Amino acid sequence: MSMDDNLNLFSLVDEEEKSAPNKKRGSKLDVVEMEYKQAHAVTWQELFEGFDTIHAITFSSGLNFVYQLLDMFDHAEIIFGCEHILSSSMNQIIAYQDKLIERMREQSSDKMNDLLTRMDKGEVRFYVSRGTVSHEKLYLLEAADGRKRVITGSANMSYHAFGGMQRENICFVDGDEAYDWYYSVFQSLLEESSDEITTKALQYADAGENIDELPIAGTIKANKVFVIEPTEATADDASEVKFILDVHNLADKLKPYMPKQDKKTSKQGKTIISAAQIVKLRRQIQNEKIKEKELRSEYPQLIIDADKQSATLNGEALNLHPTEEEIRHDVGLFRDYMDGYSRFHGDYEGMQYRYFEFANWFFCSPLMATMRDMAARFDQQRLPYPVFGLVYGQSKAGKTSFLETLLKMMIGQKPKISAPDFTRSGIENLKRTVQGAPIIVDDLTNTRFNQHAIETIKNDDFGVSDHLTHYSAVVISANEDVKAVAPEVIRRTVICRVEAGLTNTEVMRSNVVRSVQQKIGTAFYREYLRRMLEQMPDLLDQLKDDETEAPDILQVSSEVIVAIMRQFGSDVLPDYIRTLSLENYFSEHVTGKYAIKLIQNAWRTSKKSFVVNKHSNELRYNAGVPYEADRLMKELPETLEAHKSREWVVMNLQAAREFFDVNFRKGLWRF
């Protein structure tokens, strides 16, 4: 089909602006005026054929289509733009470029050798935009005989766009004037904010191992130094991001209610929905909204905004300047509550230490989502900001009343859910409904913990991709049938194991808990929040800096609590009220504390359970039965190089001496 120059092109800019079409001119735009002549029905091959060179900008592409299109041209330059709203941070640039190249490698495996050969000859050149959001779809065609064509519109470089599978707006203009203006657009993006993809990048680049082969690295090497200028986010950007996240969140909430397809239609990729299913879906969603309202009334919405230095409870602004008298009242009651554990039997002092550590994390937990979001944005570790807590151990240790009291201090009431309701999907749905205040799951059995809690905790990336900043932490209480916690759980969870309790009659007679819970208010926590919010900007800024260690928000939190206790209580505080750090929660001697205690007691009372081999540097411990050996293995650090053989746990002798603080000498060595 012959296609003449049937569209005339006129620019609404003056001659000076033509030479720099992307130059910023306040609120003015580059607008191209076209005159409609007629429409043509053509195949994509007919639209592109007859030309030797292509220059293109596309921000979404089907790479198989790209490679087929390249076969039609002797020379090609393609810029892959980015349609997403990204920050101009280095980690975002690296992540985008790495994933694009990974996709190019995966989808070009059959043609990779031919593609690399053409790139080495200079026939094909690929570029990737850097930081600049590009929505342009532009195809500039040139023939050896001087003919030129511009193709523009809504179509990206894909079969869906050019294969007639979806509605697109595609226009073409033939002639020098249009070509020259649009070519300057192409060159502007190429020179100002694009990096070239090399053959080495396609062969070897990986952000984890070969970061120096990514396109941005090549630009930095060539220029010796590179400056990233931050792009200010506009209100429209924020609105667009919120809209996208809202769509994702709603889609996730609706997914469980979507009708299931039969095997035949699902294999064909079809979804068939009947009118009856819509009625059923409507009823399910209505029921879910009723449940959500009930949850919202049971779980008040505590929204802490680090940017605005404010907090709201159920939409009402919290007064973060309580009176001294109110604070002093709450501090005194909290001290009375914690001191009350001295009447418990067993390791009550250890219980006070563990409970204070847990309270520190509990109060800080509504800020963890904000810290985790900033850490994810700047490619920092999220582990220092745990959103799961576990209180377990001896029965009648006051675990439930302790958690209820902490929650009463935060939001003025003490909701919780029962253990039978705990599933991974159930908790994630609850986290999308509840905000701020920790979700307490009470009295979880060992079986249910293993079936649901472990998998939920291991997959702790909830909210990261959606940039959620107000979701709740999850607190689980369990009795002593939870004997040990796996390493993958320990790394992500604040653990509080207690070994003290009251007798039945003492529990019945005690009225300290009831008295404190009736009288205590939220003044202490509101003062705590005000002081923590003053610290948050600095903590978040530290996460943006690759040169500094991850900020320890748990240490800052404990410093705030200690300062409040001293100012409104007493200069002399009990030993358990002290400044803490991540070491108090996650060091090997903390996470392995009960393994240490078990081995020390076993060595003191039953040395025959051990076999010590100095020459092979090996310590063997007989746990009695295989499942006890399994439990011990869970709490041993990697430094012990431990492995299990039936009921025996075998460890590195020298490392075991240091870890357990035991010499493991029997007088005579056994071989």
# chains A, B, ... in the order shown; residues from 1 in each chain; ligands from 1

$ closest_atom_pairs --of "segment 380-487 of chain A" --to "segment 347-355 of chain A" --cutoff "9 Å" --atoms "only C-alpha atoms" --output "CSV"
residue,atom,partner,partner_atom,distance
A:Val391,CA,A:Tyr355,CA,9.0
A:Ala397,CA,A:Met351,CA,8.8
A:Phe402,CA,A:Tyr355,CA,8.2

$ write_last_selection --atoms "C-alpha atoms" --output "CSV table (one decimal), in the first residue's frame"
chain,number,residue,atom,x,y,z
A,391,VAL,CA,5.3,-13.9,74.5
A,397,ALA,CA,2.7,-15.7,84.2
A,402,PHE,CA,0.5,-7.7,80.6

$ closest_atom_pairs --of "segment 338-397 of chain A" --to "segment 462-486 of chain A" --cutoff "9 Å" --atoms "only C-alpha atoms" --output "JSON lines"
{"residue": "A:Phe362", "atom": "CA", "partner": "A:Ala473", "partner_atom": "CA", "distance": 8.4}
{"residue": "A:Ser365", "atom": "CA", "partner": "A:Ala473", "partner_atom": "CA", "distance": 6.1}
{"residue": "A:Pro366", "atom": "CA", "partner": "A:Ser472", "partner_atom": "CA", "distance": 6.3}
{"residue": "A:Leu367", "atom": "CA", "partner": "A:His470", "partner_atom": "CA", "distance": 7.7}
{"residue": "A:Met368", "atom": "CA", "partner": "A:Ala473", "partner_atom": "CA", "distance": 8.0}
{"residue": "A:Ala369", "atom": "CA", "partner": "A:Thr469", "partner_atom": "CA", "distance": 4.7}
{"residue": "A:Thr370", "atom": "CA", "partner": "A:Thr469", "partner_atom": "CA", "distance": 4.6}
{"residue": "A:Met371", "atom": "CA", "partner": "A:Thr469", "partner_atom": "CA", "distance": 8.1}
{"residue": "A:Arg372", "atom": "CA", "partner": "A:Val464", "partner_atom": "CA", "distance": 7.5}
{"residue": "A:Asp373", "atom": "CA", "partner": "A:His467", "partner_atom": "CA", "distance": 5.7}
{"residue": "A:Met374", "atom": "CA", "partner": "A:His467", "partner_atom": "CA", "distance": 8.6}
{"residue": "A:Ala376", "atom": "CA", "partner": "A:Val464", "partner_atom": "CA", "distance": 6.8}
{"residue": "A:Arg377", "atom": "CA", "partner": "A:His467", "partner_atom": "CA", "distance": 8.6}
{"residue": "A:Pro386", "atom": "CA", "partner": "A:Ala473", "partner_atom": "CA", "distance": 8.1}
{"residue": "A:Val387", "atom": "CA", "partner": "A:Ala473", "partner_atom": "CA", "distance": 4.5}
{"residue": "A:Phe388", "atom": "CA", "partner": "A:Val474", "partner_atom": "CA", "distance": 4.9}
{"residue": "A:Gly389", "atom": "CA", "partner": "A:Val475", "partner_atom": "CA", "distance": 4.6}
{"residue": "A:Leu390", "atom": "CA", "partner": "A:Ile476", "partner_atom": "CA", "distance": 4.8}
{"residue": "A:Val391", "atom": "CA", "partner": "A:Ser477", "partner_atom": "CA", "distance": 4.7}
{"residue": "A:Tyr392", "atom": "CA", "partner": "A:Ala478", "partner_atom": "CA", "distance": 4.6}
{"residue": "A:Gly393", "atom": "CA", "partner": "A:Glu480", "partner_atom": "CA", "distance": 4.1}
{"residue": "A:Gln394", "atom": "CA", "partner": "A:Glu480", "partner_atom": "CA", "distance": 5.2}
{"residue": "A:Ser395", "atom": "CA", "partner": "A:Asn479", "partner_atom": "CA", "distance": 5.8}

$ atom_distance --atom1 "atom CA of Tyr594 of chain A" --atom2 "atom CA of Asn613 of chain A"
24.4 Å

$ closest_residue --among "A:Met112, A:Val441, A:Ile54, A:Met104" --to "Ala144 of chain A" --atoms "only C-alpha atoms"
A:Ile54

$ select_by_dssp --residues "segment 297-447 of chain A" --states "strand (DSSP E or B)" --output "PyMOL selection string"
chain A and resi 302-305+310-313+316-317+345-346+388-393+417-418+435+439-444

$ closest_residue --among "A:Arg328, A:Lys111, A:His615, A:Lys99" --to "Gln654 of chain A" --atoms "only C-alpha atoms"
A:His615

$ residues_around --residues "Asn652 of chain A" --least-positions-apart "3" --cutoff "8 Å" --atoms "only C-alpha atoms" --output "list in words"
Asn617, Glu618, Leu619, Leu640, Glu641, Ala642, Ala655 and Ala656 of chain A

$ select_by_dssp --residues "segment 378-498 of chain A" --states "alpha helix (DSSP H)" --output "ChimeraX atom specification"
/A:399-411,424-433,446-448,454-458,487-490

$ residues_around --residues "Leu554 of chain A" --least-positions-apart "5" --cutoff "8 Å" --atoms "only C-alpha atoms" --output "list in words"
Asn360, Trp361, Cys364, Leu580, Ser581 and Leu582 of chain A

$ write_last_selection --atoms "N, CA and C atoms" --output "PDB file, in the first residue's frame"
ATOM      1  N   ASN A 360       8.989  -2.006  75.603  1.00  0.00           N
ATOM      2  CA  ASN A 360       9.691  -1.004  74.794  1.00  0.00           C
ATOM      3  C   ASN A 360       9.377  -1.194  73.313  1.00  0.00           C
ATOM      4  N   TRP A 361       9.461  -2.447  72.834  1.00  0.00           N
ATOM      5  CA  TRP A 361       9.127  -2.714  71.422  1.00  0.00           C
ATOM      6  C   TRP A 361       7.644  -2.481  71.166  1.00  0.00           C
ATOM      7  N   CYS A 364       6.807   1.056  70.662  1.00  0.00           N
ATOM      8  CA  CYS A 364       7.463   1.557  69.448  1.00  0.00           C
ATOM      9  C   CYS A 364       6.861   0.972  68.168  1.00  0.00           C
ATOM     10  N   LEU A 580      18.171   0.205  76.144  1.00  0.00           N
ATOM     11  CA  LEU A 580      18.313  -1.044  75.402  1.00  0.00           C
ATOM     12  C   LEU A 580      18.879  -0.764  74.016  1.00  0.00           C
ATOM     13  N   SER A 581      19.192  -1.823  73.301  1.00  0.00           N
ATOM     14  CA  SER A 581      19.621  -1.713  71.903  1.00  0.00           C
ATOM     15  C   SER A 581      19.220  -2.992  71.185  1.00  0.00           C
ATOM     16  N   LEU A 582      19.490  -3.065  69.900  1.00  0.00           N
ATOM     17  CA  LEU A 582      19.199  -4.285  69.137  1.00  0.00           C
ATOM     18  C   LEU A 582      19.869  -5.504  69.745  1.00  0.00           C
TER      19      LEU A 582
END

$ atom_distance --atom1 "atom CA of Cys171 of chain A" --atom2 "atom CA of Tyr183 of chain A"
16.2 Å

$ closest_residue --among "A:Tyr127, A:Phe73, A:Phe172, A:Phe80" --to "Ala143 of chain A" --atoms "only C-alpha atoms"
A:Phe73

$ closest_residue --among "A:Asp114, A:Glu102, A:Glu33, A:Asp460" --to "Gln203 of chain A" --atoms "only C-alpha atoms"
A:Glu102

$ closest_residue --among "A:Leu383, A:Val128, A:Met119, A:Ile93" --to "Ala550 of chain A" --atoms "only C-alpha atoms"
A:Leu383

$ closest_residue --among "A:Thr605, A:Asn663, A:Gln301, A:Thr58" --to "Val434 of chain A" --atoms "only C-alpha atoms"
A:Gln301

$ residues_around --residues "Ala76 of chain A" --least-positions-apart "5" --cutoff "7 Å" --atoms "only C-alpha atoms" --output "CSV table (one decimal) with C-alpha atoms, in the first residue's frame"
chain,number,residue,atom,x,y,z
A,53,THR,CA,16.9,3.0,10.1
A,54,ILE,CA,14.7,3.4,13.2
A,55,HIS,CA,15.0,5.6,16.2
A,70,LEU,CA,14.7,-5.0,14.5
A,123,GLU,CA,23.9,-1.8,14.0
A,124,VAL,CA,21.7,-2.0,17.1
A,125,ARG,CA,21.9,0.3,20.2

$ atom_distance --atom1 "atom CA of Ala201 of chain A" --atom2 "atom CA of Phe378 of chain A"
23.3 Å
